[in-house]
Amino acid sequence: LNLSGFPNPFNEVHQINVRAEEDTKVNINILDFTGRLVKNLAQNMDINGEYAFYWKGDNAMGDKVAPGIYFCTVNTGAETKTYKLIYGGN
C-alpha cells in the first residue's frame, strides 16, 4: 500500500493518491489533531491499482473546517498509513 498527497499545505483541494498492488478494501478518513473523525472519504472500498481521492477542507456535513493540521489515514485492516495535512482555509 502506497500513500501520497499534494499539495501540502493546501487551501482549496488536496489530492490523496492510494496505490494497492492487489485487491484491497480501504477506509480513508480525515482526522483532526485530536484524532476526531472529520470526514470519511471511502469506506470498505475495493481497490486494485492507483486511485485518487479529494478532500476540499470540509467535514461530513459539507461545512468548511477551521484552518490547521489534519491527518489522512488509510486502513486496510492489515495495515494503516497516516500522513499530516496542513489546511490553510479559503
# chains A, B, ... in the order shown; residues from 1 in each chain; ligands from 1
>>> residues_around(residues="Lys56 in chain A", least_positions_apart="4", cutoff="8 Å", atoms="only C-alpha atoms", output="PyMOL selection string")
chain A and resi 12-14
>>> residues_around(residues="Tyr51 in chain A", least_positions_apart="4", cutoff="10 Å", atoms="only C-alpha atoms", output="number ranges by chain")
A: 3, 16-20, 47
>>> write_last_selection(atoms="C-alpha atoms", output="PDB file, in the first residue's frame")
ATOM      1  CA  LEU A   3       0.029   6.697   0.075  1.00  0.00           C
ATOM      2  CA  ILE A  16      -4.832  11.786  -1.925  1.00  0.00           C
ATOM      3  CA  ASN A  17      -3.210   9.052  -4.016  1.00  0.00           C
ATOM      4  CA  VAL A  18      -3.553   5.450  -2.881  1.00  0.00           C
ATOM      5  CA  ARG A  19      -1.933   2.529  -4.660  1.00  0.00           C
ATOM      6  CA  ALA A  20      -2.567  -1.137  -3.878  1.00  0.00           C
ATOM      7  CA  ILE A  47      -9.243  -1.001  -4.923  1.00  0.00           C
TER       8      ILE A  47
END
>>> residues_around(residues="Gly57 in chain A", least_positions_apart="6", cutoff="10 Å", atoms="only C-alpha atoms", output="list in words")
Phe10, Asn11, Glu12, Val13, His14, Ile30, Val38, Lys39, Asp63, Lys64, Val65, Ala66, Pro67, Tyr70, Ile86, Tyr87, Gly88, Gly89 and Asn90 of chain A
>>> residues_around(residues="Gly77 in chain A", least_positions_apart="4", cutoff="9 Å", atoms="only C-alpha atoms", output="MDAnalysis selection string")
chainID A and resid 25:27
>>> select_by_dssp(residues="chain A", states="strand (DSSP E)", output="ChimeraX atom specification")
/A:2-6,14-32,37-55,68-75,80-87
>>> residues_around(residues="Leu1 in chain A", least_positions_apart="2", cutoff="10 Å", atoms="only C-alpha atoms", output="MDAnalysis selection string")
chainID A and resid 3 18:22 24 26 48:50 74:76 79:81
>>> atom_distance(atom1="CA of Ile69 in chain A", atom2="CA of Asp46 in chain A")
28.2 Å
